[in-house]
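Below is one structure, written out as structure tokens; comments come after it.
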Amino acid sequence: MSRPADAVAVVVVTHQTRDEVLGCLATLPPDVPTVVVDTGSTDGTPGAVRASFPHVRVLELANAGFGRGANAGVRATDAEVVIVANADVRFAEDATVALAAAATAEDTIAAVGPHVVYPSGRRQASARALPDPITAILHALLRWWVPTNRWTTRYRQSDVDPSHARDVGWVSGCVIGLRRSAFDAVGGFDPGYPLYLEDVDLEARLADAGWRVRYDPVTTVVHRVGASTGGRRWRSLVWHARGLDRFVARRYGAAGQVLRPLLRVALAAWVVVTYLTERTLGRGRSTTAE
């Protein structure tokens with residue numbers, strides 16, 4: 001006889017972030033089933049987790065990307081709601097219960113994201129609209145030069161009151177509460193996204209299947225940003241650009257293909273300008289969701 005399903009479980013995906021994942025686990029209640037998926041770390045992460053948190057299950061995989069790791073972690077749980085998180089997240093005391101309640105508040109909700117802040121307390125733009133091709137191009141080209149342009153504002157929803165819960169296009173995968181039945185029904189994360197945009201793609205497919213994605217400031221989490229890519233900023237920007245290129249091409253069909261050359265030019269410009277601007281201003285760790 002199988003055991004009853006847990007109400008909520010947590011999956012933390014990590015790569016070369018031993019100290020970050022230990023810090024994350026220290027903020028989680030020990031009675032919440034937790035799985036750490038280590039994707040090929042060589043920094044001793046699996047052993048450190050087992051030594052410090054013996055109640056946590058550790059899965060060791062090859063470095064096959066966030067989406068594949070998250071899928072494996074979700075499969076290792078029996079929970080109705082699975083909270084998938086990055087290693088560089090710190091949870092509030094009530095976060096797991098609050099997110100589980102928000103994710104199951106209505107039968108049509110499939111995913112929910114909390115209020116996310118930087119360690120300084122500054123709000124992250126963690127709830128956004130889905131990026132259509134024109135918005136993606138103009139946001140990429142203009143965000144540094146005219147931060148308040150209407151396409152960036154539309155995409156980031158920066159003109160919306162963050163104290164109010166609302167339906168959104170997508171919420172950041174740094175912390176996301178997922179209804180297990182909806183997640184399984186759409187096949188989970190697409191492993192074709194090695195890093196970045198896998199959360200956007202998943203939530204777009206959930207919406208296509210009739211589910212709702214919600215931003216709900218029922219709890220606040222701290223996201224330290226870029227723990228696994230902070231020393232490889234150029235590469236992370238390229239991964240992000242490739243993910244957006246893949247998303248637009250796959251989602252918008254003929255229109256996406258027609259605009260793809262222009263999008264690639266805009267993304268290449270965005271990668272170069274963002275990298276050089278961050279180096280000039282000392283912003284080596286910008287948001288992972290640009």
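Chain identifiers are assigned as A, B, and so on, following the order in which chains appear in the structure tokens; residues are numbered from 1 within each chain, and ligands are numbered from 1 in order of appearance.
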
In segment 19-84 of chain A, DSSP strand (DSSP E) residues written as a list in words: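 Matching residues, listed in order: Thr34, Val35, Val36, Val37, Asp38, Thr39, Arg57, Val58, Leu59, Glu60, Leu61, Val81, Val82, Ile83 and Val84 of chain A.
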
Based on the backbone DSSP call, show me all residues of segment 92-289 of chain A assigned alpha helix (DSSP H), as a CSV table (one decimal) with N, CA and C atoms, in the first residue's frame.
```
chain,number,residue,atom,x,y,z
A,95,ALA,N,6.8,30.3,4.4
A,95,ALA,CA,6.7,30.3,2.9
A,95,ALA,C,6.1,29.0,2.3
A,96,THR,N,6.5,27.9,2.8
A,96,THR,CA,6.0,26.6,2.2
A,96,THR,C,4.5,26.4,2.4
A,97,VAL,N,4.1,26.7,3.6
A,97,VAL,CA,2.6,26.6,3.9
A,97,VAL,C,1.8,27.6,3.1
A,98,ALA,N,2.3,28.8,3.0
A,98,ALA,CA,1.6,29.9,2.3
A,98,ALA,C,1.6,29.6,0.8
A,99,LEU,N,2.7,29.2,0.2
A,99,LEU,CA,2.7,28.9,-1.2
A,99,LEU,C,1.8,27.7,-1.5
A,100,ALA,N,1.8,26.7,-0.7
A,100,ALA,CA,0.9,25.6,-0.9
A,100,ALA,C,-0.6,26.0,-0.9
A,101,ALA,N,-0.9,26.8,0.1
A,101,ALA,CA,-2.3,27.3,0.2
A,101,ALA,C,-2.7,28.1,-1.0
A,102,ALA,N,-1.8,29.0,-1.5
A,102,ALA,CA,-2.0,29.8,-2.6
A,102,ALA,C,-2.2,29.0,-3.9
A,103,ALA,N,-1.4,28.0,-4.0
A,103,ALA,CA,-1.4,27.2,-5.3
A,103,ALA,C,-2.7,26.3,-5.4
A,133,PRO,N,6.9,38.5,-29.7
A,133,PRO,CA,8.2,38.9,-30.5
A,133,PRO,C,8.5,40.4,-30.5
A,134,ILE,N,7.5,41.2,-30.7
A,134,ILE,CA,7.8,42.7,-30.8
A,134,ILE,C,8.3,43.2,-29.4
A,135,THR,N,7.6,42.8,-28.4
A,135,THR,CA,8.0,43.2,-27.0
A,135,THR,C,9.4,42.7,-26.7
A,136,ALA,N,9.7,41.5,-27.0
A,136,ALA,CA,11.0,40.9,-26.7
A,136,ALA,C,12.1,41.7,-27.5
A,137,ILE,N,11.9,42.0,-28.7
A,137,ILE,CA,12.9,42.8,-29.5
A,137,ILE,C,13.1,44.2,-28.9
A,138,LEU,N,12.0,44.9,-28.7
A,138,LEU,CA,12.1,46.3,-28.3
A,138,LEU,C,12.6,46.4,-26.8
A,139,HIS,N,12.2,45.4,-26.0
A,139,HIS,CA,12.7,45.4,-24.6
A,139,HIS,C,14.2,45.2,-24.6
A,140,ALA,N,14.7,44.2,-25.4
A,140,ALA,CA,16.1,43.9,-25.5
A,140,ALA,C,16.9,45.1,-26.0
A,141,LEU,N,16.4,45.8,-26.9
A,141,LEU,CA,17.1,47.0,-27.5
A,141,LEU,C,17.1,48.2,-26.6
A,142,LEU,N,16.0,48.4,-25.9
A,142,LEU,CA,15.8,49.7,-25.2
A,142,LEU,C,16.0,49.7,-23.7
A,150,ARG,N,7.7,51.7,-23.0
A,150,ARG,CA,6.5,51.0,-22.7
A,150,ARG,C,6.6,49.5,-22.9
A,151,TRP,N,7.5,49.0,-23.7
A,151,TRP,CA,7.6,47.6,-24.0
A,151,TRP,C,8.3,46.9,-22.7
A,152,THR,N,9.3,47.6,-22.2
A,152,THR,CA,9.9,47.0,-20.9
A,152,THR,C,8.9,47.1,-19.8
A,153,THR,N,8.1,48.2,-19.7
A,153,THR,CA,7.1,48.3,-18.7
A,153,THR,C,6.0,47.3,-18.8
A,154,ARG,N,5.6,47.0,-20.1
A,154,ARG,CA,4.6,46.0,-20.3
A,154,ARG,C,5.1,44.6,-19.9
A,155,TYR,N,6.3,44.3,-20.4
A,155,TYR,CA,6.9,43.0,-20.1
A,155,TYR,C,7.1,42.8,-18.6
A,156,ARG,N,7.7,43.7,-17.9
A,156,ARG,CA,8.0,43.6,-16.5
A,156,ARG,C,6.8,43.9,-15.6
A,180,ARG,N,0.8,19.6,-8.7
A,180,ARG,CA,1.4,18.5,-9.3
A,180,ARG,C,0.6,17.9,-10.5
A,181,SER,N,-0.7,17.9,-10.4
A,181,SER,CA,-1.5,17.3,-11.5
A,181,SER,C,-1.3,18.2,-12.8
A,182,ALA,N,-1.3,19.5,-12.7
A,182,ALA,CA,-1.1,20.3,-13.9
A,182,ALA,C,0.3,20.2,-14.4
A,183,PHE,N,1.3,20.1,-13.6
A,183,PHE,CA,2.7,20.0,-14.0
A,183,PHE,C,2.8,18.7,-14.8
A,184,ASP,N,2.3,17.6,-14.2
A,184,ASP,CA,2.4,16.3,-14.9
A,184,ASP,C,1.7,16.3,-16.2
A,185,ALA,N,0.5,17.0,-16.3
A,185,ALA,CA,-0.3,16.9,-17.5
A,185,ALA,C,0.3,17.6,-18.7
A,198,GLU,N,13.1,28.2,-19.2
A,198,GLU,CA,12.3,27.0,-19.0
A,198,GLU,C,11.1,27.2,-18.1
A,199,ASP,N,11.1,28.2,-17.2
A,199,ASP,CA,10.0,28.6,-16.4
A,199,ASP,C,8.9,29.3,-17.3
A,200,VAL,N,9.4,30.2,-18.1
A,200,VAL,CA,8.4,30.9,-19.0
A,200,VAL,C,7.7,29.9,-20.0
A,201,ASP,N,8.5,29.0,-20.5
A,201,ASP,CA,7.9,28.0,-21.4
A,201,ASP,C,6.9,27.1,-20.7
A,202,LEU,N,7.2,26.6,-19.5
A,202,LEU,CA,6.3,25.8,-18.7
A,202,LEU,C,5.0,26.5,-18.5
A,203,GLU,N,5.1,27.7,-18.0
A,203,GLU,CA,3.9,28.5,-17.6
A,203,GLU,C,3.1,28.8,-18.8
A,204,ALA,N,3.7,29.1,-20.0
A,204,ALA,CA,2.9,29.3,-21.2
A,204,ALA,C,2.2,28.1,-21.6
A,205,ARG,N,2.8,26.9,-21.5
A,205,ARG,CA,2.1,25.7,-21.8
A,205,ARG,C,1.0,25.4,-20.8
A,206,LEU,N,1.2,25.7,-19.6
A,206,LEU,CA,0.1,25.6,-18.6
A,206,LEU,C,-1.1,26.5,-19.0
A,207,ALA,N,-0.8,27.7,-19.3
A,207,ALA,CA,-1.9,28.6,-19.7
A,207,ALA,C,-2.6,28.1,-21.0
A,208,ASP,N,-1.8,27.6,-21.9
A,208,ASP,CA,-2.4,27.0,-23.1
A,208,ASP,C,-3.4,25.8,-22.8
A,233,ARG,N,29.3,35.3,-16.2
A,233,ARG,CA,28.2,36.2,-16.6
A,233,ARG,C,28.0,36.2,-18.2
A,234,TRP,N,29.1,36.3,-18.9
A,234,TRP,CA,28.9,36.3,-20.4
A,234,TRP,C,28.1,35.1,-20.8
A,235,ARG,N,28.6,33.9,-20.3
A,235,ARG,CA,27.9,32.7,-20.7
A,235,ARG,C,26.4,32.7,-20.3
A,236,SER,N,26.1,33.2,-19.2
A,236,SER,CA,24.8,33.2,-18.7
A,236,SER,C,23.9,34.1,-19.5
A,237,LEU,N,24.4,35.2,-20.0
A,237,LEU,CA,23.7,36.1,-20.9
A,237,LEU,C,23.4,35.4,-22.2
A,238,VAL,N,24.4,34.7,-22.7
A,238,VAL,CA,24.2,34.0,-24.0
A,238,VAL,C,23.1,32.9,-23.8
A,239,TRP,N,23.2,32.2,-22.7
A,239,TRP,CA,22.2,31.1,-22.5
A,239,TRP,C,20.8,31.8,-22.4
A,240,HIS,N,20.7,32.9,-21.8
A,240,HIS,CA,19.4,33.6,-21.7
A,240,HIS,C,18.9,34.0,-23.0
A,241,ALA,N,19.8,34.6,-23.9
A,241,ALA,CA,19.4,35.0,-25.2
A,241,ALA,C,18.9,33.8,-26.0
A,242,ARG,N,19.7,32.7,-26.0
A,242,ARG,CA,19.3,31.5,-26.7
A,242,ARG,C,17.9,30.9,-26.2
A,243,GLY,N,17.7,31.0,-24.9
A,243,GLY,CA,16.4,30.5,-24.4
A,243,GLY,C,15.3,31.4,-25.0
A,244,LEU,N,15.4,32.7,-25.0
A,244,LEU,CA,14.4,33.5,-25.5
A,244,LEU,C,14.1,33.3,-27.0
A,245,ASP,N,15.2,33.1,-27.7
A,245,ASP,CA,15.1,32.8,-29.2
A,245,ASP,C,14.3,31.5,-29.4
A,246,ARG,N,14.6,30.5,-28.6
A,246,ARG,CA,13.9,29.2,-28.7
A,246,ARG,C,12.4,29.4,-28.4
A,247,PHE,N,12.2,30.2,-27.3
A,247,PHE,CA,10.8,30.3,-26.8
A,247,PHE,C,10.0,31.0,-27.9
A,248,VAL,N,10.4,32.2,-28.4
A,248,VAL,CA,9.7,32.9,-29.4
A,248,VAL,C,9.5,32.1,-30.7
A,249,ALA,N,10.5,31.4,-31.1
A,249,ALA,CA,10.4,30.6,-32.4
A,249,ALA,C,9.4,29.5,-32.2
A,250,ARG,N,9.4,28.8,-31.1
A,250,ARG,CA,8.5,27.7,-30.9
A,250,ARG,C,7.1,28.1,-30.6
A,251,ARG,N,6.9,29.3,-29.9
A,251,ARG,CA,5.6,29.6,-29.5
A,251,ARG,C,4.8,30.4,-30.5
A,253,GLY,N,5.2,30.5,-33.9
A,253,GLY,CA,5.1,29.9,-35.3
A,253,GLY,C,5.6,30.7,-36.4
A,254,ALA,N,4.8,31.0,-37.4
A,254,ALA,CA,5.2,31.7,-38.6
A,254,ALA,C,5.7,33.1,-38.2
A,255,ALA,N,5.0,33.8,-37.4
A,255,ALA,CA,5.4,35.2,-37.0
A,255,ALA,C,6.7,35.2,-36.3
A,256,GLY,N,6.9,34.2,-35.4
A,256,GLY,CA,8.2,34.1,-34.7
A,256,GLY,C,9.3,33.8,-35.7
A,257,GLN,N,9.1,33.0,-36.7
A,257,GLN,CA,10.1,32.7,-37.7
A,257,GLN,C,10.5,33.9,-38.5
A,258,VAL,N,9.4,34.7,-38.9
A,258,VAL,CA,9.7,35.9,-39.7
A,258,VAL,C,10.5,36.9,-38.9
A,259,LEU,N,10.2,37.0,-37.7
A,259,LEU,CA,10.9,38.0,-36.9
A,259,LEU,C,12.2,37.5,-36.2
A,260,ARG,N,12.4,36.2,-36.4
A,260,ARG,CA,13.6,35.6,-35.7
A,260,ARG,C,14.9,36.3,-36.0
A,261,PRO,N,15.2,36.6,-37.3
A,261,PRO,CA,16.5,37.3,-37.6
A,261,PRO,C,16.6,38.6,-36.8
A,262,LEU,N,15.6,39.4,-36.8
A,262,LEU,CA,15.6,40.7,-36.1
A,262,LEU,C,15.8,40.4,-34.6
A,263,LEU,N,15.1,39.4,-34.1
A,263,LEU,CA,15.2,39.1,-32.6
A,263,LEU,C,16.6,38.7,-32.3
A,264,ARG,N,17.2,37.9,-33.2
A,264,ARG,CA,18.6,37.5,-32.9
A,264,ARG,C,19.6,38.7,-32.9
A,265,VAL,N,19.4,39.7,-33.7
A,265,VAL,CA,20.2,40.9,-33.7
A,265,VAL,C,20.0,41.6,-32.4
A,266,ALA,N,18.7,41.8,-32.0
A,266,ALA,CA,18.4,42.5,-30.8
A,266,ALA,C,19.0,41.8,-29.6
A,267,LEU,N,18.9,40.5,-29.6
A,267,LEU,CA,19.4,39.7,-28.4
A,267,LEU,C,20.9,39.8,-28.4
A,268,ALA,N,21.6,39.7,-29.5
A,268,ALA,CA,23.0,39.9,-29.6
A,268,ALA,C,23.5,41.2,-29.0
A,269,ALA,N,22.7,42.3,-29.4
A,269,ALA,CA,23.0,43.6,-28.9
A,269,ALA,C,22.8,43.7,-27.4
A,270,TRP,N,21.7,43.1,-27.0
A,270,TRP,CA,21.4,43.0,-25.5
A,270,TRP,C,22.5,42.4,-24.7
A,271,VAL,N,23.0,41.2,-25.2
A,271,VAL,CA,24.1,40.5,-24.5
A,271,VAL,C,25.3,41.4,-24.4
A,272,VAL,N,25.7,42.0,-25.5
A,272,VAL,CA,26.9,42.8,-25.5
A,272,VAL,C,26.8,44.0,-24.6
A,273,VAL,N,25.7,44.8,-24.8
A,273,VAL,CA,25.5,46.0,-24.0
A,273,VAL,C,25.3,45.7,-22.5
A,274,THR,N,24.5,44.6,-22.2
A,274,THR,CA,24.3,44.3,-20.8
A,274,THR,C,25.7,43.9,-20.1
A,275,TYR,N,26.4,43.1,-20.8
A,275,TYR,CA,27.7,42.7,-20.2
A,275,TYR,C,28.6,43.9,-20.0
A,276,LEU,N,28.8,44.7,-21.0
A,276,LEU,CA,29.7,45.8,-20.9
A,276,LEU,C,29.2,46.9,-19.9
A,277,THR,N,27.9,47.1,-19.8
A,277,THR,CA,27.3,48.0,-18.9
A,277,THR,C,27.5,47.5,-17.5
A,278,GLU,N,27.2,46.3,-17.2
A,278,GLU,CA,27.4,45.7,-15.9
A,278,GLU,C,28.8,45.8,-15.4
A,279,ARG,N,29.8,45.5,-16.3
A,279,ARG,CA,31.2,45.6,-16.0
A,279,ARG,C,31.6,47.0,-15.6
A,280,THR,N,31.0,48.0,-16.4
A,280,THR,CA,31.3,49.4,-16.2
A,280,THR,C,30.8,49.9,-14.9
A,281,LEU,N,29.6,49.4,-14.6
A,281,LEU,CA,28.9,49.9,-13.4
A,281,LEU,C,29.1,49.0,-12.2
```

Please produce, as a Markdown table, a per-residue contact table for segment 54-126 of chain A versus segment 5-21 of chain A (criterion: any atom at most 7 Å away, only C-alpha atoms considered), showing the nearest atom pair and its distance in Å to one decimal, sorted by chain then residue number.
```
| residue | atom | partner | partner_atom | distance |
| --- | --- | --- | --- | --- |
| A:Phe66 | CA | A:Val13 | CA | 6.7 |
| A:Gly69 | CA | A:Val13 | CA | 6.4 |
| A:Ala70 | CA | A:Val13 | CA | 6.3 |
| A:Gly73 | CA | A:Val11 | CA | 5.7 |
| A:Val74 | CA | A:Val11 | CA | 6.7 |
| A:Thr77 | CA | A:Ala9 | CA | 6.8 |
| A:Asp78 | CA | A:Ala5 | CA | 4.9 |
| A:Ala79 | CA | A:Asp6 | CA | 4.3 |
| A:Glu80 | CA | A:Ala7 | CA | 5.3 |
| A:Val81 | CA | A:Val8 | CA | 4.8 |
| A:Val82 | CA | A:Ala9 | CA | 4.9 |
| A:Ile83 | CA | A:Val10 | CA | 4.7 |
| A:Val84 | CA | A:Val11 | CA | 4.8 |
| A:Ala85 | CA | A:Val12 | CA | 4.9 |
| A:Asn86 | CA | A:Val12 | CA | 5.7 |
| A:Ala87 | CA | A:Val21 | CA | 4.5 |
| A:Asp88 | CA | A:Glu20 | CA | 5.3 |
| A:Ala100 | CA | A:Val8 | CA | 6.2 |
```

Selection from above, N, CA, C and O atoms, as a PDB file, in the first residue's frame, can you write it?
```
ATOM      1  N   PHE A  66      18.762  22.805 -15.659  1.00  0.00           N
ATOM      2  CA  PHE A  66      17.808  23.010 -14.581  1.00  0.00           C
ATOM      3  C   PHE A  66      16.515  22.232 -14.808  1.00  0.00           C
ATOM      4  O   PHE A  66      16.002  21.581 -13.899  1.00  0.00           O
ATOM      5  N   GLY A  69      16.762  18.531 -14.208  1.00  0.00           N
ATOM      6  CA  GLY A  69      16.952  18.287 -12.780  1.00  0.00           C
ATOM      7  C   GLY A  69      15.677  18.495 -11.990  1.00  0.00           C
ATOM      8  O   GLY A  69      15.341  17.703 -11.102  1.00  0.00           O
ATOM      9  N   ALA A  70      14.950  19.557 -12.299  1.00  0.00           N
ATOM     10  CA  ALA A  70      13.695  19.829 -11.594  1.00  0.00           C
ATOM     11  C   ALA A  70      12.677  18.727 -11.847  1.00  0.00           C
ATOM     12  O   ALA A  70      11.955  18.300 -10.932  1.00  0.00           O
ATOM     13  N   GLY A  73      13.483  15.836  -9.676  1.00  0.00           N
ATOM     14  CA  GLY A  73      13.144  16.113  -8.290  1.00  0.00           C
ATOM     15  C   GLY A  73      11.656  16.009  -8.024  1.00  0.00           C
ATOM     16  O   GLY A  73      11.235  15.448  -7.004  1.00  0.00           O
ATOM     17  N   VAL A  74      10.849  16.535  -8.920  1.00  0.00           N
ATOM     18  CA  VAL A  74       9.396  16.450  -8.749  1.00  0.00           C
ATOM     19  C   VAL A  74       8.949  14.990  -8.760  1.00  0.00           C
ATOM     20  O   VAL A  74       8.107  14.577  -7.951  1.00  0.00           O
ATOM     21  N   THR A  77       8.970  13.057  -5.486  1.00  0.00           N
ATOM     22  CA  THR A  77       8.055  13.447  -4.407  1.00  0.00           C
ATOM     23  C   THR A  77       6.664  12.878  -4.645  1.00  0.00           C
ATOM     24  O   THR A  77       6.337  12.434  -5.750  1.00  0.00           O
ATOM     25  N   ASP A  78       5.855  12.921  -3.589  1.00  0.00           N
ATOM     26  CA  ASP A  78       4.458  12.500  -3.697  1.00  0.00           C
ATOM     27  C   ASP A  78       3.511  13.651  -3.370  1.00  0.00           C
ATOM     28  O   ASP A  78       2.336  13.426  -3.064  1.00  0.00           O
ATOM     29  N   ALA A  79       3.987  14.870  -3.413  1.00  0.00           N
ATOM     30  CA  ALA A  79       3.215  15.997  -2.907  1.00  0.00           C
ATOM     31  C   ALA A  79       2.188  16.504  -3.909  1.00  0.00           C
ATOM     32  O   ALA A  79       2.375  16.432  -5.122  1.00  0.00           O
ATOM     33  N   GLU A  80       1.112  17.050  -3.371  1.00  0.00           N
ATOM     34  CA  GLU A  80       0.098  17.699  -4.194  1.00  0.00           C
ATOM     35  C   GLU A  80       0.632  19.011  -4.769  1.00  0.00           C
ATOM     36  O   GLU A  80       0.320  19.386  -5.898  1.00  0.00           O
ATOM     37  N   VAL A  81       1.450  19.720  -3.971  1.00  0.00           N
ATOM     38  CA  VAL A  81       2.104  20.952  -4.418  1.00  0.00           C
ATOM     39  C   VAL A  81       3.606  20.763  -4.253  1.00  0.00           C
ATOM     40  O   VAL A  81       4.076  20.362  -3.186  1.00  0.00           O
ATOM     41  N   VAL A  82       4.356  21.045  -5.302  1.00  0.00           N
ATOM     42  CA  VAL A  82       5.812  20.957  -5.242  1.00  0.00           C
ATOM     43  C   VAL A  82       6.378  22.358  -5.463  1.00  0.00           C
ATOM     44  O   VAL A  82       6.080  23.006  -6.472  1.00  0.00           O
ATOM     45  N   ILE A  83       7.179  22.812  -4.529  1.00  0.00           N
ATOM     46  CA  ILE A  83       7.849  24.107  -4.651  1.00  0.00           C
ATOM     47  C   ILE A  83       9.235  23.856  -5.224  1.00  0.00           C
ATOM     48  O   ILE A  83      10.059  23.198  -4.592  1.00  0.00           O
ATOM     49  N   VAL A  84       9.460  24.340  -6.421  1.00  0.00           N
ATOM     50  CA  VAL A  84      10.756  24.198  -7.075  1.00  0.00           C
ATOM     51  C   VAL A  84      11.531  25.491  -6.857  1.00  0.00           C
ATOM     52  O   VAL A  84      10.999  26.588  -7.077  1.00  0.00           O
ATOM     53  N   ALA A  85      12.782  25.363  -6.426  1.00  0.00           N
ATOM     54  CA  ALA A  85      13.540  26.554  -6.054  1.00  0.00           C
ATOM     55  C   ALA A  85      14.992  26.459  -6.484  1.00  0.00           C
ATOM     56  O   ALA A  85      15.555  25.367  -6.620  1.00  0.00           O
ATOM     57  N   ASN A  86      15.599  27.629  -6.671  1.00  0.00           N
ATOM     58  CA  ASN A  86      17.034  27.734  -6.869  1.00  0.00           C
ATOM     59  C   ASN A  86      17.745  27.639  -5.523  1.00  0.00           C
ATOM     60  O   ASN A  86      17.167  27.940  -4.467  1.00  0.00           O
ATOM     61  N   ALA A  87      19.028  27.311  -5.571  1.00  0.00           N
ATOM     62  CA  ALA A  87      19.805  27.188  -4.339  1.00  0.00           C
ATOM     63  C   ALA A  87      20.043  28.522  -3.666  1.00  0.00           C
ATOM     64  O   ALA A  87      20.289  28.575  -2.453  1.00  0.00           O
ATOM     65  N   ASP A  88      19.967  29.622  -4.419  1.00  0.00           N
ATOM     66  CA  ASP A  88      20.268  30.929  -3.848  1.00  0.00           C
ATOM     67  C   ASP A  88      19.036  31.655  -3.320  1.00  0.00           C
ATOM     68  O   ASP A  88      19.002  32.886  -3.249  1.00  0.00           O
ATOM     69  N   ALA A 100       1.772  26.699  -0.701  1.00  0.00           N
ATOM     70  CA  ALA A 100       0.897  25.553  -0.944  1.00  0.00           C
ATOM     71  C   ALA A 100      -0.562  25.975  -0.891  1.00  0.00           C
ATOM     72  O   ALA A 100      -1.379  25.546  -1.722  1.00  0.00           O
TER      73      ALA A 100
END
```

Shell of 8 Å around Ala48 of chain A, only C-alpha atoms, local chain residues under 4 positions omitted, as JSON, numbers by chain: {"A": [18, 22, 44, 52]}

Using only C-alpha atoms: which of A:Thr148, A:Thr220, A:Val213, A:Val186 has the shortest distance to Trp170 of chain A: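 Closest to Trp170 of chain A of all the choices is A:Val213.
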
Proximity to Gly187 of chain A - best of A:Arg166, A:Arg50, A:His55, A:Arg75, only C-alpha atoms: A:Arg75

Point-to-point distance from atom CA of Ser158 of chain A to atom CA of Ala129 of chain A, Å rounded to tenths: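 Rounded to one decimal, the two atoms are 10.4 Å apart.
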